[in-house]
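File shown here: run32.txt, holding compact mmCIF, C-alpha atoms.
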# COMPACT_ATOMS: atom_id res chain seq x y z
CA MET D 1 87.93 144.77 76.27
CA PHE D 2 87.34 146.97 79.33
CA ILE D 3 84.96 145.51 81.90
CA VAL D 4 83.27 147.28 84.82
CA HIS D 5 82.98 144.97 87.82
CA ILE D 6 79.94 145.62 90.05
CA ALA D 7 79.55 143.75 93.35
CA ASP D 8 76.28 143.53 95.30
CA ILE D 9 76.30 142.53 98.95
CA THR D 10 73.24 141.77 101.11
CA MET D 11 71.86 139.52 103.82
CA PHE D 12 68.31 139.93 102.40
CA TYR D 13 68.53 136.80 100.25
CA ALA D 14 66.72 133.57 101.12
CA PRO D 15 64.61 130.92 99.34
CA ALA D 16 61.40 132.77 100.19
CA SER D 17 62.78 136.30 99.87
CA GLY D 18 60.69 139.11 98.53
CA GLY D 19 61.52 142.19 96.51
CA VAL D 20 65.23 142.46 97.29
CA ARG D 21 66.02 139.00 95.95
CA THR D 22 63.80 139.58 92.93
CA TYR D 23 65.71 142.79 92.22
CA LEU D 24 69.13 141.17 92.68
CA ASP D 25 68.30 138.11 90.57
CA ALA D 26 66.96 140.25 87.71
CA LYS D 27 69.95 142.55 87.91
CA HIS D 28 72.48 139.71 88.12
CA HIS D 29 71.03 137.97 85.07
CA ARG D 30 71.26 141.13 82.98
CA LEU D 31 74.63 142.43 84.17
CA HIS D 32 76.20 138.95 84.13
CA THR D 33 75.39 138.61 80.43
CA ARG D 34 75.89 142.26 79.44
CA SER D 35 78.91 143.13 77.36
CA GLY D 36 81.38 145.30 79.23
CA THR D 37 80.16 144.43 82.73
CA ARG D 38 80.87 141.79 85.34
CA HIS D 39 78.53 141.26 88.27
CA SER D 40 79.26 139.49 91.55
CA LEU D 41 76.60 138.86 94.17
CA LEU D 42 77.57 138.15 97.80
CA ILE D 43 74.87 136.49 99.91
CA PRO D 44 74.75 134.48 103.17
CA GLY D 45 75.07 130.69 103.04
CA ALA D 46 76.06 127.63 105.03
CA ASP D 47 79.64 127.77 103.73
CA PHE D 48 81.84 129.44 101.13
CA SER D 49 80.87 128.66 97.54
CA GLU D 50 80.64 130.28 94.12
CA GLN D 51 78.48 129.55 91.11
CA ASP D 52 77.98 131.81 88.09
CA GLY D 53 79.17 134.88 89.95
CA ILE D 54 77.06 134.28 93.08
CA TYR D 55 79.23 133.92 96.19
CA THR D 56 77.89 132.54 99.46
CA VAL D 57 79.60 133.67 102.67
CA PRO D 58 79.07 131.65 105.90
CA ALA D 59 76.46 133.07 108.25
CA PRO D 60 74.28 131.40 110.92
CA ALA D 61 70.65 130.68 110.12
CA LEU D 62 68.02 132.69 111.95
CA PRO D 63 65.69 130.57 114.13
CA PHE D 64 62.27 130.51 112.48
CA GLY D 65 63.81 132.77 109.83
CA LYS D 66 62.42 130.93 106.78
CA GLY D 67 65.90 130.45 105.34
CA TYR D 68 67.34 133.85 106.23
CA ARG D 69 70.82 134.04 107.72
CA PHE D 70 72.28 136.84 109.82
CA PRO D 71 76.00 137.60 109.36
CA LEU D 72 77.88 138.10 112.64
CA ARG D 73 81.47 138.47 111.44
CA LEU D 74 82.57 141.36 109.25
CA ALA D 75 85.93 139.96 108.13
CA PRO D 76 84.72 137.13 105.80
CA TRP D 77 82.57 139.56 103.78
CA ARG D 78 85.28 142.19 103.60
CA ASN D 79 87.84 139.57 102.56
CA VAL D 80 85.68 138.27 99.70
CA LEU D 81 85.23 141.83 98.43
CA HIS D 82 88.98 142.38 98.70
CA ASP D 83 89.65 139.23 96.67
CA LEU D 84 87.09 140.18 94.02
CA GLN D 85 88.49 143.71 93.55
CA PRO D 86 85.25 145.24 92.22
CA ASP D 87 85.13 148.73 90.74
CA LEU D 88 81.93 149.57 92.64
CA ILE D 89 79.98 147.99 95.52
CA GLU D 90 76.22 148.21 96.09
CA VAL D 91 74.85 147.49 99.56
CA GLY D 92 71.37 146.00 99.91
CA ASP D 93 70.77 146.05 103.68
CA PRO D 94 71.64 148.28 106.66
CA TYR D 95 73.38 145.66 108.79
CA LEU D 96 76.84 144.12 109.08
CA THR D 97 77.30 143.61 105.34
CA ALA D 98 76.94 147.37 104.84
CA TRP D 99 79.82 148.05 107.22
CA ALA D 100 81.87 145.31 105.55
CA ALA D 101 81.41 147.11 102.23
CA LEU D 102 82.48 150.42 103.74
CA ASP D 103 85.50 148.70 105.31
CA ALA D 104 86.42 147.21 101.92
CA ARG D 105 86.13 150.67 100.35
CA ARG D 106 88.95 151.92 102.56
CA GLN D 107 91.17 149.11 101.27
CA LEU D 108 90.10 149.20 97.61
CA ASP D 109 89.40 152.91 97.16
CA VAL D 110 86.17 152.23 95.24
CA PRO D 111 82.75 153.93 95.54
CA VAL D 112 79.92 152.30 97.50
CA ILE D 113 76.22 152.81 96.77
CA GLY D 114 73.55 152.07 99.37
CA PHE D 115 70.10 150.93 98.25
CA TYR D 116 67.58 151.73 101.00
CA HIS D 117 65.05 148.95 100.40
CA SER D 118 63.37 148.97 103.84
CA ASP D 119 62.17 151.74 106.12
CA LEU D 120 64.30 150.66 109.09
CA PRO D 121 62.87 153.01 111.78
CA LEU D 122 59.31 151.99 110.86
CA LEU D 123 60.30 148.31 110.70
CA VAL D 124 61.82 148.42 114.20
CA SER D 125 58.81 150.30 115.55
CA ASN D 126 56.46 147.66 114.12
CA ARG D 127 58.47 144.77 115.55
CA VAL D 128 59.17 146.27 118.98
CA GLY D 129 55.71 147.78 119.33
CA SER D 130 57.06 151.09 120.57
CA ASN D 131 58.50 154.32 119.19
CA TRP D 132 61.01 154.55 122.04
CA PHE D 133 63.86 153.31 119.80
CA THR D 134 62.97 155.47 116.81
CA PRO D 135 65.35 158.42 117.42
CA ASN D 136 68.30 156.03 117.87
CA VAL D 137 67.39 154.06 114.75
CA GLU D 138 67.03 157.25 112.74
CA ALA D 139 70.46 158.39 113.95
CA TYR D 140 71.88 155.02 112.87
CA VAL D 141 70.34 155.33 109.39
CA ARG D 142 71.64 158.89 109.07
CA LYS D 143 75.16 157.81 110.04
CA LEU D 144 75.28 154.68 107.86
CA TYR D 145 73.74 156.11 104.68
CA GLY D 146 75.68 159.31 105.09
CA ASN D 147 78.80 157.24 104.37
CA PHE D 148 77.73 156.11 100.91
CA ASP D 149 78.78 157.83 97.70
CA ARG D 150 75.20 157.68 96.45
CA VAL D 151 71.96 156.41 97.98
CA LEU D 152 69.14 154.84 95.98
CA ALA D 153 65.54 154.57 97.18
CA PRO D 154 62.76 152.66 95.39
CA SER D 155 60.17 155.43 95.74
CA ARG D 156 59.87 159.16 96.31
CA ILE D 157 58.37 158.66 99.75
CA MET D 158 61.44 156.67 100.81
CA ALA D 159 63.80 159.22 99.31
CA GLU D 160 62.01 162.01 101.17
CA LYS D 161 62.32 160.12 104.46
CA LEU D 162 66.07 159.81 103.96
CA THR D 163 66.55 163.45 103.02
CA GLY D 164 64.41 164.37 106.01
CA LEU D 165 66.94 162.55 108.19
CA GLY D 166 69.75 164.56 106.66
CA VAL D 167 71.05 161.98 104.16
CA ARG D 168 72.43 163.54 100.98
CA ASN D 169 72.87 162.29 97.42
CA VAL D 170 69.57 160.36 97.46
CA PHE D 171 68.07 159.33 94.12
CA VAL D 172 64.82 157.53 93.32
CA GLN D 173 65.37 154.21 91.55
CA PRO D 174 62.18 152.16 91.08
CA LEU D 175 62.30 148.40 90.82
CA GLY D 176 60.96 146.41 87.88
CA VAL D 177 58.88 143.39 86.97
CA ASP D 178 59.46 140.27 84.88
CA LEU D 179 57.11 140.92 81.96
CA GLN D 180 57.55 137.41 80.56
CA MET D 181 56.86 135.56 83.82
CA PHE D 182 54.00 137.81 84.90
CA HIS D 183 51.84 137.94 81.80
CA PRO D 184 48.11 137.77 80.96
CA ASP D 185 48.80 134.50 79.12
CA ALA D 186 49.36 132.84 82.52
CA ARG D 187 45.59 132.94 83.07
CA ASP D 188 43.97 129.60 83.89
CA PRO D 189 40.27 129.53 82.93
CA GLY D 190 39.82 126.45 85.11
CA LEU D 191 40.89 128.08 88.40
CA ARG D 192 37.39 128.98 89.58
CA ALA D 193 36.21 125.41 89.06
CA GLU D 194 39.33 124.18 90.87
CA LEU D 195 38.37 126.38 93.83
CA GLY D 196 34.75 125.20 93.71
CA LEU D 197 33.50 128.62 92.65
CA ASP D 198 30.83 129.61 90.17
CA GLN D 199 32.21 131.13 86.98
CA SER D 200 30.35 134.37 87.75
CA THR D 201 32.14 134.83 91.09
CA HIS D 202 34.40 137.86 91.26
CA LEU D 203 37.83 136.45 92.13
CA LEU D 204 40.24 138.70 94.02
CA ILE D 205 43.79 137.97 95.21
CA PHE D 206 46.44 139.11 97.67
CA ALA D 207 49.96 137.68 97.51
CA GLY D 208 52.76 138.28 100.01
CA ARG D 209 53.71 137.72 103.62
CA GLY D 210 50.99 137.77 106.22
CA SER D 211 52.94 140.21 108.39
CA LYS D 212 51.36 142.89 110.55
CA GLU D 213 52.07 145.77 108.17
CA LYS D 214 50.07 144.10 105.37
CA ASN D 215 46.87 144.84 107.35
CA LEU D 216 45.18 141.57 106.39
CA PRO D 217 42.30 142.09 108.89
CA VAL D 218 41.19 144.96 106.66
CA LEU D 219 41.00 142.57 103.68
CA LEU D 220 39.04 140.01 105.69
CA ASP D 221 36.56 142.61 106.91
CA CYS D 222 36.27 143.92 103.34
CA MET D 223 35.35 140.43 102.13
CA LYS D 224 32.63 140.11 104.77
CA ARG D 225 31.11 143.31 103.42
CA LEU D 226 31.37 142.19 99.78
CA GLY D 227 29.56 138.90 100.40
CA PRO D 228 29.46 135.49 98.65
CA SER D 229 29.55 136.75 95.07
CA TYR D 230 33.17 137.80 95.73
CA HIS D 231 36.01 135.47 96.67
CA LEU D 232 39.54 136.27 97.87
CA LEU D 233 42.69 134.18 97.51
CA LEU D 234 45.30 134.85 100.21
CA VAL D 235 48.60 133.53 98.87
CA GLY D 236 51.81 133.45 100.89
CA SER D 237 53.38 132.55 104.22
CA SER D 238 52.10 133.33 107.74
CA MET D 239 48.52 133.77 106.60
CA PRO D 240 45.64 133.87 109.12
CA THR D 241 43.88 130.58 109.86
CA SER D 242 40.48 132.02 110.71
CA VAL D 243 38.93 133.61 107.62
CA PRO D 244 35.43 134.28 106.21
CA ASP D 245 33.79 131.64 104.00
CA ASN D 246 34.54 133.65 100.87
CA VAL D 247 38.31 133.55 101.47
CA THR D 248 40.70 130.73 100.48
CA VAL D 249 44.16 130.59 102.05
CA VAL D 250 47.20 129.22 100.24
CA ASP D 251 49.55 129.40 103.24
CA ASP D 252 52.76 128.48 101.54
CA PHE D 253 55.60 129.92 99.51
CA CYS D 254 54.52 129.69 95.87
CA PRO D 255 57.05 129.83 93.03
CA ALA D 256 56.67 132.75 90.64
CA PRO D 257 54.95 130.77 87.83
CA GLN D 258 52.24 129.63 90.26
CA VAL D 259 51.75 133.17 91.59
CA ALA D 260 51.49 134.44 88.01
CA ARG D 261 48.86 131.79 87.21
CA LEU D 262 46.74 132.78 90.21
CA MET D 263 47.10 136.50 89.57
CA ALA D 264 46.32 136.35 85.88
CA SER D 265 43.20 134.29 86.66
CA ALA D 266 41.83 136.84 89.14
CA ASP D 267 39.80 140.00 88.48
CA ALA D 268 41.88 142.28 90.72
CA LEU D 269 44.56 142.38 93.37
CA LEU D 270 43.72 143.79 96.83
CA HIS D 271 46.34 145.35 99.08
CA ALA D 272 45.62 147.04 102.42
CA GLY D 273 49.25 147.65 103.45
CA ASP D 274 49.83 151.32 104.29
CA GLN D 275 53.62 151.21 104.82
CA GLU D 276 54.91 149.85 101.51
CA THR D 277 58.29 151.18 100.41
CA PHE D 278 57.57 150.12 96.83
CA GLY D 279 55.10 147.27 96.32
CA LEU D 280 56.56 144.82 93.81
CA VAL D 281 53.46 142.61 94.03
CA ILE D 282 51.46 145.53 92.63
CA LEU D 283 53.63 145.54 89.49
CA GLU D 284 53.38 141.76 89.18
CA ALA D 285 49.58 141.92 89.26
CA MET D 286 49.48 144.74 86.71
CA ALA D 287 51.89 142.82 84.47
CA CYS D 288 49.44 139.89 84.62
CA GLY D 289 46.79 142.17 83.18
CA ILE D 290 44.70 142.72 86.30
CA PRO D 291 43.97 146.03 88.03
CA VAL D 292 44.64 146.88 91.67
CA VAL D 293 42.62 148.10 94.63
CA ALA D 294 45.02 149.46 97.25
CA VAL D 295 45.20 152.12 99.91
CA ALA D 296 46.29 155.69 99.24
CA ALA D 297 49.43 155.42 101.37
CA GLY D 298 53.12 154.62 101.10
CA ALA D 299 54.54 154.15 97.63
CA PHE D 300 51.24 153.00 96.12
CA LYS D 301 50.26 156.57 95.29
CA GLU D 302 53.33 156.74 93.02
CA ILE D 303 52.62 153.49 91.14
CA ILE D 304 48.84 153.30 90.78
CA ASN D 305 46.89 155.82 88.74
CA ASP D 306 43.25 155.90 87.63
CA GLN D 307 44.11 153.90 84.51
CA CYS D 308 45.52 151.01 86.59
CA GLY D 309 43.20 150.69 89.56
CA VAL D 310 41.54 152.42 92.49
CA LEU D 311 43.04 153.84 95.68
CA CYS D 312 40.96 154.04 98.84
CA THR D 313 41.22 155.37 102.39
CA PRO D 314 43.70 153.36 104.53
CA ASN D 315 42.45 151.08 107.31
CA ASN D 316 38.84 151.34 106.14
CA PRO D 317 37.26 148.01 105.09
CA SER D 318 34.06 149.76 103.95
CA ALA D 319 36.02 152.10 101.67
CA MET D 320 37.94 149.16 100.23
CA ALA D 321 34.73 147.23 99.53
CA SER D 322 33.32 150.29 97.75
CA ALA D 323 36.54 150.61 95.74
CA VAL D 324 36.25 146.97 94.62
CA ARG D 325 32.68 147.51 93.45
CA GLU D 326 33.68 150.70 91.66
CA LEU D 327 36.57 148.99 89.89
CA LEU D 328 34.50 146.05 88.68
CA ALA D 329 31.71 148.40 87.55
CA ARG D 330 34.26 150.24 85.40
CA GLY D 331 35.36 146.95 83.83
CA SER D 332 38.34 145.14 85.31
CA ALA D 333 39.44 143.62 81.98
CA VAL D 334 39.88 147.00 80.27
CA ILE D 335 41.65 148.53 83.28
CA GLY D 336 43.83 145.42 83.48
CA GLN D 337 44.95 145.95 79.89
CA GLN D 338 45.85 149.54 80.74
CA ALA D 339 47.76 148.36 83.78
CA ARG D 340 49.78 145.93 81.67
CA HIS D 341 50.62 148.71 79.22
CA HIS D 342 51.69 150.97 82.11
CA VAL D 343 54.24 148.51 83.49
CA GLU D 344 55.51 147.72 80.01
CA GLN D 345 56.24 151.41 79.54
CA HIS D 346 57.76 152.17 82.93
CA TYR D 347 58.86 149.06 84.84
CA ALA D 348 60.59 146.60 82.48
CA TRP D 349 63.72 145.18 84.13
CA ASP D 350 65.88 146.09 81.13
CA SER D 351 64.94 149.76 81.62
CA VAL D 352 65.61 149.52 85.36
CA VAL D 353 69.08 148.06 84.79
CA ASN D 354 69.87 150.75 82.21
CA SER D 355 68.93 153.34 84.82
CA LEU D 356 71.19 151.62 87.35
CA ILE D 357 74.06 151.74 84.90
CA GLY D 358 73.49 155.49 84.75
CA HIS D 359 73.93 155.72 88.53
CA TYR D 360 77.08 153.60 88.40
CA HIS D 361 78.51 155.70 85.59
CA ALA D 362 77.80 158.90 87.54
CA VAL D 363 79.54 157.59 90.67
CA LEU D 364 82.55 156.13 88.85
CA GLY D 365 82.91 159.22 86.67
CA SER D 366 86.27 159.37 84.92
CA GLN D 367 87.14 155.93 86.31
CA TRP D 368 84.56 154.25 84.07
CA PRO D 369 86.77 153.85 80.96
CA ARG D 370 89.95 152.95 82.84
CA VAL D 371 88.79 149.93 84.81
CA ALA D 372 90.81 146.74 84.84
CA ASN D 373 91.05 144.79 81.63
CA GLY D 374 88.84 141.72 81.59
Would you mind giving the structure from this file in structure tokens?
Amino acid sequence: MFIVHIADITMFYAPASGGVRTYLDAKHHRLHTRSGTRHSLLIPGADFSEQDGIYTVPAPALPFGKGYRFPLRLAPWRNVLHDLQPDLIEVGDPYLTAWAALDARRQLDVPVIGFYHSDLPLLVSNRVGSNWFTPNVEAYVRKLYGNFDRVLAPSRIMAEKLTGLGVRNVFVQPLGVDLQMFHPDARDPGLRAELGLDQSTHLLIFAGRGSKEKNLPVLLDCMKRLGPSYHLLLVGSSMPTSVPDNVTVVDDFCPAPQVARLMASADALLHAGDQETFGLVILEAMACGIPVVAVAAGAFKEIINDQCGVLCTPNNPSAMASAVRELLARGSAVIGQQARHHVEQHYAWDSVVNSLIGHYHAVLGSQWPRVANG
């Protein structure tokens, strides 16, 4: 039997990782068990190891990095790829591992795909607090992603940014959601009582990192305007410590089943982030059968339509409060059912992986049927 061997390589993989790890885990599970394919995943670790096709390559831990590691040596990554002899390599970050993959390509003569998960120029600008570095970072992105045989972006807005920088062969490839894990059946009718809330209280939720680009002050100001008949759950790491009385903070990394329970038990998800490259948490909420109130910015305009939620003006707590009232007046349960149907139709992981296979087939071309015998 002929087997196509796909290798993913990334440093964006840690115990509390976000969308990149979710994508890679879902993809690995499906490709690892799919007839005719083999999938290897290379991630940073304390030492060399392998289990079920997941290879850890030594890399030092980042101080205060919440489990993330930053590779400093190219050779170990390139050598693992050389030993694995994949037919195609996909790169999941724009750092050293990307250059290791390109170096391995020269030895193996195989195509390399780059998945542009993060808006690197914007990320650097946010962290540094200045746009002074932006032209240099944009030049770096243009050079790196110009080397790949095909570039994938999770949303149209990200694809347009890349093409605007002069990167060619860019294709939109949305991510997916686990429809079994994130499901309306995860709802817990006892959650309001657990939180000390009246059953008539409108329960809202945000889940994710409390980083600057999530614009959590907008959510907190929105809650002040909504008043005591509304309550917000802030779930995730690095959350603010000073919040209004109608906000409860769960400042910790929650496993997916717990997040699903909290989401499915809420009336809506709120999201004020205006720089999202995709917004996986939006899909997770919709899969749980709840609608979304988010800002009309970033990739949200591509995911959320009138049947799934309400979009409002960015950085405007008053507009967000009005959008919450409008959504609940329309009936959050009905809109939540529509949101669930929408993700079932468009964002199931099986459909996403089938689309990825299409990209791989296009890049491999005539090589697809003549790969090494498994």
Margin query: Here is a test: counting only C-alpha atoms, which residue of D:Gly146, D:Ile3, D:Met286, D:Ile9 is nearest to Ser35 (chain D)?
Written below: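 Ranking D:Gly146, D:Ile3, D:Met286, D:Ile9 by distance to Ser35 (chain D), first place goes to D:Ile3.
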Item checked: Among the residues D:Pro60, D:Val310, D:Leu88, D:Pro228, the one that comes closest to Asp198 (chain D) [using only C-alpha atoms] ->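 Among the listed residues, D:Pro228 lies closest to Asp198 (chain D).
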Check: Separation of CA of Gly358 (chain D) and CA of Gln307 (chain D), in Å?
Finding: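 Separation of CA of Gly358 (chain D) and CA of Gln307 (chain D): 29.4 Å.
Coordinates place CA of Val292 (chain D) at a distance of 8.9 Å from CA of Val324 (chain D).
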Check: Just how far from CA of Arg192 (chain D) is CA of Ala287 (chain D), in Å to one decimal?
Finding: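 Straight-line distance from CA of Ala287 (chain D) to CA of Arg192 (chain D) works out to 20.7 Å.
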Notebook entry, point to check: Which of these residues is nearest to Asp267 (chain D), using all atoms listed in the file: D:Ala59, D:Leu144, D:Leu42, D:Leu327?
Noted result: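 Going through D:Ala59, D:Leu144, D:Leu42, D:Leu327 one by one, the smallest distance to Asp267 (chain D) is for D:Leu327.
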Check: For His39 (chain D), which residue out of D:Ile157, D:Val343, D:Ile357, D:Leu270 is the nearest one, using only C-alpha atoms?
Finding: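 Using only C-alpha atoms, His39 (chain D) sits closest to D:Ile357.
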Item checked: Selection: 9 Å around His202 (chain D), only C-alpha atoms, excl. self and same-chain fewer than 4 positions, as an MDAnalysis selection string -> chainID D and resid 229:232 266:268 328
Item checked: Residues within 9 Å of Ala294 (chain D), all atoms listed in the file, excluding chain neighbours under 3 positions, as a list in words ->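 Close residues of Ala294 (chain D): Leu269, Leu270, His271, Ala272, Gly273, Asp274, Ile282, Ala297, Phe300, Ile304, Gly309, Val310, Leu311, Cys312, Thr313, Pro314, Met320 and Ala323 of chain D.
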Checklist line | Best match for closeness to Ala100 (chain D) among D:Met11, D:Gly19, D:Ile54, D:Asp245, counting only C-alpha atoms | finding: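 The shortest atom-to-atom distance to Ala100 (chain D) comes from D:Met11.
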Margin query: When you count all atoms listed in the file, which of these residues is closest to Thr163 (chain D): D:Arg34, D:Arg142, D:Arg69, D:Arg209?
Written below: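 Smallest distance to Thr163 (chain D) is found for D:Arg142.
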Can you check which parts of region 223-339 of chain D lie within 12 Å of region 117-132 of chain D? Per residue, the shortest pair of atoms and distance in Å to one decimal, counting all atoms listed in the file, sorted by chain and number, as a tab-separated table.
residue	atom	partner	partner_atom	distance
D:Asp274	CA	D:Leu122	CA	11.6
D:Gln275	CA	D:Leu122	CA	8.3
D:Glu276	CA	D:Asp119	CA	8.8
D:Thr277	CA	D:Ser118	CA	6.5
D:Phe278	CA	D:His117	CA	8.4
D:Gly279	CA	D:His117	CA	10.9
D:Leu280	CA	D:His117	CA	11.5
D:Gly298	CA	D:Asp119	CA	10.7
D:Ala299	CA	D:Asp119	CA	11.7
Next item on the list: Do a neighbour search on Leu24 (chain D) at 10 Å with only C-alpha atoms, toss out local chain neighbours closer than 6 positions, and write the hits as a list in words.
Entry: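 Here the answer would be Asp8, Ile9, Thr10, Phe12, Tyr13, Arg30, Leu41 and Gly92 of chain D.
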Next item on the list: Find the residues with any atom within 12 Å of (71.4, 123.6, 98.5); use only C-alpha atoms and the coordinates as given in the file, and write the answer as a VMD selection string.
Entry: chain D and resid 14 to 15 45 to 47 49 51 56 67
Write a file of the just-selected residues containing C-alpha atoms, as a CSV table (one decimal), in the coordinates of the input.
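Below you can see again_15.csv, which holds the result:
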chain,number,residue,atom,x,y,z
D,14,ALA,CA,66.7,133.6,101.1
D,15,PRO,CA,64.6,130.9,99.3
D,45,GLY,CA,75.1,130.7,103.0
D,46,ALA,CA,76.1,127.6,105.0
D,47,ASP,CA,79.6,127.8,103.7
D,49,SER,CA,80.9,128.7,97.5
D,51,GLN,CA,78.5,129.6,91.1
D,56,THR,CA,77.9,132.5,99.5
D,67,GLY,CA,65.9,130.4,105.3
Item checked: Non-local contacts of Ala362 (chain D) (12 Å; only C-alpha atoms; under 2 positions in same chain excluded) as an MDAnalysis selection string -> chainID D and resid 88 111 113 149:150 169 171 355:360 364:368
Margin query: List as a PyMOL selection string the protein and nucleic acid residues near Asn79 (chain D), meaning an atom at most 9 Å away when all atoms listed in the file are counted, but skip any in the same chain fewer than 5 places from it.
Written below: chain D and resi 74+84+100+104
